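The next block holds one structure in the form of structure tokens; read it before the comments.
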Amino acid sequence: MMSDEQQSLPSHVQIDEQPLQRQQLFHPRANTVAKVSIIGGLLAVALAFFLWGVYTRSPYYTGATVTVDQPVPFSHKHHVGELGIDCRMCHTSVEQSASAGMPATQTCMTCHSQIWANSPVLAPVHESFRSGVPIAWNRVYELPGYVYFNHSIHVQKGIGCVSCHGQIDEMPLTAKAVPLTMQWCLNCHRAPEKYIRPRDEVFNTRWVAQDQLTQGRKLVDDYHIVAGGRLTNCSICHR
Amino acid sequence: MLNVRLRAYKRPHRGAVVGGFWVIFALAVLVGCGPNMQRQPRYQPYDASQFFPDGTSSRPLEADTVSRENLHTDTLRYTGKINGKLADTFPLPVTRDLLTRGHERYGIYCAPCHGPLGDGNGVIVQRGFSQPPSFHTDTLRNAPAGLFFDVITNGYGLMYPYAARVQPDDRWAIAAYIRALQLSQHATLHDVPPDQQPKLQEAQP
């Protein structure tokens with residue numbers, strides 16, 4: 001066997017004996033093509049990164065300004081904007097805990113046992129009250145599991161609900177008002193004085209500052225907010 | 001000739017081979033970057049659950065258990081009653097802070113129906129809810145403070161209980177504030193400090 005193969009070698013050699021010209025596979029123009037495709041390739045990669053950046057900041061990706069369908073068409077415009085009900089009537093735990101708290105069905109029933117009691121829009125509420133199975137609201141704001149967030153600290157330090165949830169008192173259906181990206185959090189953690197307000201105005205959706213920066217700097221002092229980069233430490237939000 | 005041919009074929013640089021391997025490896029690993037860290041296998045508040053029959057991960061207290069902070073041995077403070085009768089004293093000192101707290105809580109939980117003045121004409125009543133009695137009737141003025149605590153805790157007639165939303169000490173704060181409201185709507189000239197009385201008399205038309 002081995003000897004057979006060795007014997008076939010000479011024929012191989014013969015096939016390879018070809019004029020050098022034939023081995024010139026590429027036309028001279030290929031040099032330009034090569035250069036263009038290298039630069040073009042780099043540009044394409046850069047463009048891809050750029051488009052990815054645009055895409056991940058777009059409302060389409062972050063969900064900002066997109067309304068979410070709900071089992072009951074609950075309207076903050078109606079309850080907060082027109083009736084003037086305080087957030088804490090329904091989001092009870094927002095001052096003490098990480099989660100703002102979602103209203104129990106019983107909370108709706110304190111008023112809707114009589115108001116619009118027979119309306120079909122409220123049928124799921126009455127059904128839930130009878131059966132004890134909670135209404136499954138679809139989430140509007142949701143951070144990934146690796147981000148730590150806490151409402152109570154923000155409320156205690158004078159960050160108003162509207163700074164993060166937008167003009168919710170004008171929303172017939174709740175929509176995400178902000179992108180909720182890391183950049184967005186950091187934007188305020190770097191300069192809270194641009195957004196801070198007096199503690200008793202946190203729940204007021206109509207409050208406007210007279211002179212935000214002057215007042216803001218004073219409040220940052222009064223509320224002992226430690227500036228100077230502590231709030232942008234990775235471990236503040238990724239613990 | 002065979003040798004020439006073999007040399008003509010330039011083997012790729014070793015670094016390039018290793019580099020190429022890492023690029024392909026990195027791309028392969030990227031495929032594994034799913035949203036696993038985004039939704040971690042633990043419950044966050046209000047998450048739905050497929051494990052529990054009622055479909056929610058928030059669990060009620062087990063029967064016959066009491067959490068440590070809910071071991072309420074002080075019956076006045078947690079039921080508003082002494083020996084089963086509504087009490088007319090406060091278990092907490094009635095301070096300015098308590099009244100301020102009561103004012104705030106009253107505004108959140110009671111004013112929509114009872115009105116900011118306690119006259120029973122809040123915005124929800126204007127939209128069709130049954131009108132509650134005014135706090136400024138003789139019956140409610142003479143009622144023991146424990147009644148307000150009890151009504152918030154257990155509800156009363158058409159009014160649902162607010163125990164889930166108003167913590168016991170806040171219920172006392174609201175009761176104290178309602179007492180202040182009642183005084184304010186039923187004050188006479190003699191309730192005003194003597195040195196201030198002439199001012200009021202002047203102001204009267």
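We label chains A, B, ... in the order they appear in the structure tokens, count residues from 1 in each chain, and number ligands from 1 in the order shown.
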Long-range neighbours of segment 41-57 of chain B as a PyMOL selection string, 10 Å cut-off, only C-alpha atoms, 2 positions minimum in chain = (chain A and resi 98-102+131-134+136-137+139+145) or (chain B and resi 36-39+59-60)
At a cut-off of 7 Å, list the chain A residues touching chain B, using only C-alpha atoms, as a PyMOL selection string.
-> chain A and resi 13+83+85-86+88-89+92+99+110+114-115+133+144-146
May I have the selected residues written with N, CA and C atoms, as a PDB file, in the first residue's frame?
ATOM      1  N   VAL A  13       3.655  15.561  -9.167  1.00  0.00           N
ATOM      2  CA  VAL A  13       4.627  16.599  -9.467  1.00  0.00           C
ATOM      3  C   VAL A  13       4.424  17.144 -10.863  1.00  0.00           C
ATOM      4  N   LEU A  83     -60.079  63.859  40.124  1.00  0.00           N
ATOM      5  CA  LEU A  83     -60.621  63.685  41.473  1.00  0.00           C
ATOM      6  C   LEU A  83     -59.629  64.138  42.544  1.00  0.00           C
ATOM      7  N   ILE A  85     -57.144  62.432  43.937  1.00  0.00           N
ATOM      8  CA  ILE A  85     -56.798  61.418  44.940  1.00  0.00           C
ATOM      9  C   ILE A  85     -55.281  61.305  45.037  1.00  0.00           C
ATOM     10  N   ASP A  86     -54.782  61.204  46.257  1.00  0.00           N
ATOM     11  CA  ASP A  86     -53.345  61.117  46.501  1.00  0.00           C
ATOM     12  C   ASP A  86     -52.823  59.739  46.075  1.00  0.00           C
ATOM     13  N   ARG A  88     -50.861  57.849  47.498  1.00  0.00           N
ATOM     14  CA  ARG A  88     -50.723  56.894  48.592  1.00  0.00           C
ATOM     15  C   ARG A  88     -52.033  56.207  48.942  1.00  0.00           C
ATOM     16  N   MET A  89     -53.168  56.759  48.466  1.00  0.00           N
ATOM     17  CA  MET A  89     -54.438  56.059  48.650  1.00  0.00           C
ATOM     18  C   MET A  89     -54.318  54.667  48.027  1.00  0.00           C
ATOM     19  N   THR A  92     -49.733  52.384  48.557  1.00  0.00           N
ATOM     20  CA  THR A  92     -49.597  52.627  49.985  1.00  0.00           C
ATOM     21  C   THR A  92     -48.171  52.567  50.510  1.00  0.00           C
ATOM     22  N   SER A  99     -40.743  48.712  47.037  1.00  0.00           N
ATOM     23  CA  SER A  99     -41.834  48.686  46.066  1.00  0.00           C
ATOM     24  C   SER A  99     -42.881  49.730  46.424  1.00  0.00           C
ATOM     25  N   THR A 110     -63.512  50.223  47.840  1.00  0.00           N
ATOM     26  CA  THR A 110     -63.933  51.226  48.814  1.00  0.00           C
ATOM     27  C   THR A 110     -64.769  52.306  48.129  1.00  0.00           C
ATOM     28  N   GLN A 114     -69.991  51.432  45.181  1.00  0.00           N
ATOM     29  CA  GLN A 114     -71.159  52.227  44.811  1.00  0.00           C
ATOM     30  C   GLN A 114     -70.988  52.935  43.473  1.00  0.00           C
ATOM     31  N   ILE A 115     -69.794  53.475  43.224  1.00  0.00           N
ATOM     32  CA  ILE A 115     -69.615  54.275  42.009  1.00  0.00           C
ATOM     33  C   ILE A 115     -69.389  53.389  40.795  1.00  0.00           C
ATOM     34  N   VAL A 133     -59.118  36.263  43.556  1.00  0.00           N
ATOM     35  CA  VAL A 133     -57.958  36.203  42.668  1.00  0.00           C
ATOM     36  C   VAL A 133     -57.609  37.628  42.245  1.00  0.00           C
ATOM     37  N   PRO A 144     -34.437  45.419  35.048  1.00  0.00           N
ATOM     38  CA  PRO A 144     -33.912  44.057  35.029  1.00  0.00           C
ATOM     39  C   PRO A 144     -33.580  43.593  36.450  1.00  0.00           C
ATOM     40  N   GLY A 145     -33.532  42.274  36.644  1.00  0.00           N
ATOM     41  CA  GLY A 145     -33.320  41.715  37.978  1.00  0.00           C
ATOM     42  C   GLY A 145     -31.995  42.091  38.620  1.00  0.00           C
ATOM     43  N   TYR A 146     -31.035  42.553  37.828  1.00  0.00           N
ATOM     44  CA  TYR A 146     -29.726  42.856  38.410  1.00  0.00           C
ATOM     45  C   TYR A 146     -29.596  44.309  38.833  1.00  0.00           C
TER      46      TYR A 146
END
Kindly give the distance, in Å, that separates atom CA of Val208 of chain A and atom CA of Ile196 of chain A, rounded to a single decimal.
-> 11.0 Å
Between B:Val18, B:Leu140, B:Leu200, B:Ile82, single out the one closest to Ala175 of chain B, counting only C-alpha atoms.
->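 Comparing B:Val18, B:Leu140, B:Leu200, B:Ile82 against Ala175 of chain B, the winner is B:Leu140.
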Determine the nearest neighbour of Arg171 of chain B from the options B:Trp22, B:Tyr78, B:Phe135, B:Tyr156, counting only C-alpha atoms.
->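 For Arg171 of chain B, the nearest of the given residues is B:Tyr78.
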Got a sec: who's within 9 Å of Gly84 of chain A, counting only C-alpha atoms, leaving out chain neighbours fewer than 3 positions off, as a list of chain:residue names?
->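 So the residues in contact are A:His78, A:His79, A:Val80, A:Gly81, A:Asp169, B:Pro112, B:Val123.
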Give the alpha helix (DSSP H) residues of segment 31-176 of chain B, as DSSP finds them on the backbone, and put them as an NGL selection string.
-> :B and (31 or 75-79 or 96-109 or 111-114 or 123-126 or 138-142 or 145-154 or 168-176)
Give me the residues within 8 Å of Ser134 of chain B as a PDB file with N, CA, C and O atoms, in the first residue's frame, counting only C-alpha atoms and dropping any in the same chain fewer than 2 places off.
ATOM      1  N   HIS B 114     -65.058  62.338  53.264  1.00  0.00           N
ATOM      2  CA  HIS B 114     -65.539  63.141  54.386  1.00  0.00           C
ATOM      3  C   HIS B 114     -65.281  64.625  54.184  1.00  0.00           C
ATOM      4  O   HIS B 114     -65.765  65.440  54.957  1.00  0.00           O
ATOM      5  N   GLY B 118     -64.413  67.736  57.111  1.00  0.00           N
ATOM      6  CA  GLY B 118     -65.125  66.715  57.861  1.00  0.00           C
ATOM      7  C   GLY B 118     -66.634  66.875  57.818  1.00  0.00           C
ATOM      8  O   GLY B 118     -67.349  66.316  58.638  1.00  0.00           O
ATOM      9  N   ASP B 119     -67.129  67.641  56.844  1.00  0.00           N
ATOM     10  CA  ASP B 119     -68.571  67.853  56.765  1.00  0.00           C
ATOM     11  C   ASP B 119     -69.276  66.777  55.928  1.00  0.00           C
ATOM     12  O   ASP B 119     -70.474  66.829  55.703  1.00  0.00           O
ATOM     13  N   GLY B 120     -68.513  65.800  55.439  1.00  0.00           N
ATOM     14  CA  GLY B 120     -69.132  64.697  54.685  1.00  0.00           C
ATOM     15  C   GLY B 120     -69.446  65.048  53.253  1.00  0.00           C
ATOM     16  O   GLY B 120     -70.315  64.438  52.631  1.00  0.00           O
ATOM     17  N   PRO B 132     -71.488  60.454  53.937  1.00  0.00           N
ATOM     18  CA  PRO B 132     -71.251  60.087  55.337  1.00  0.00           C
ATOM     19  C   PRO B 132     -71.739  61.193  56.260  1.00  0.00           C
ATOM     20  O   PRO B 132     -71.916  62.328  55.822  1.00  0.00           O
ATOM     21  N   HIS B 136     -69.317  66.962  62.710  1.00  0.00           N
ATOM     22  CA  HIS B 136     -69.653  68.063  63.607  1.00  0.00           C
ATOM     23  C   HIS B 136     -71.067  67.957  64.162  1.00  0.00           C
ATOM     24  O   HIS B 136     -71.694  68.946  64.481  1.00  0.00           O
ATOM     25  N   THR B 137     -71.581  66.737  64.243  1.00  0.00           N
ATOM     26  CA  THR B 137     -72.856  66.523  64.917  1.00  0.00           C
ATOM     27  C   THR B 137     -72.560  66.247  66.385  1.00  0.00           C
ATOM     28  O   THR B 137     -71.447  65.849  66.736  1.00  0.00           O
TER      29      THR B 137
END
Using only C-alpha atoms, find the one residue out of A:Thr105, A:Thr174, A:Asn187, A:Thr56 that sits nearest to Ala123 of chain A.
->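 That would be A:Thr105, the residue with the smallest distance to Ala123 of chain A.
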Long-range neighbours of Asp211 of chain A as a count of residues only, 10 Å cut-off, only C-alpha atoms, 4 positions minimum in chain = 3
DSSP on the backbone, then: every residue of chain B marked strand (DSSP E), written as a ChimeraX atom specification.
-> /B:81-82,85-86
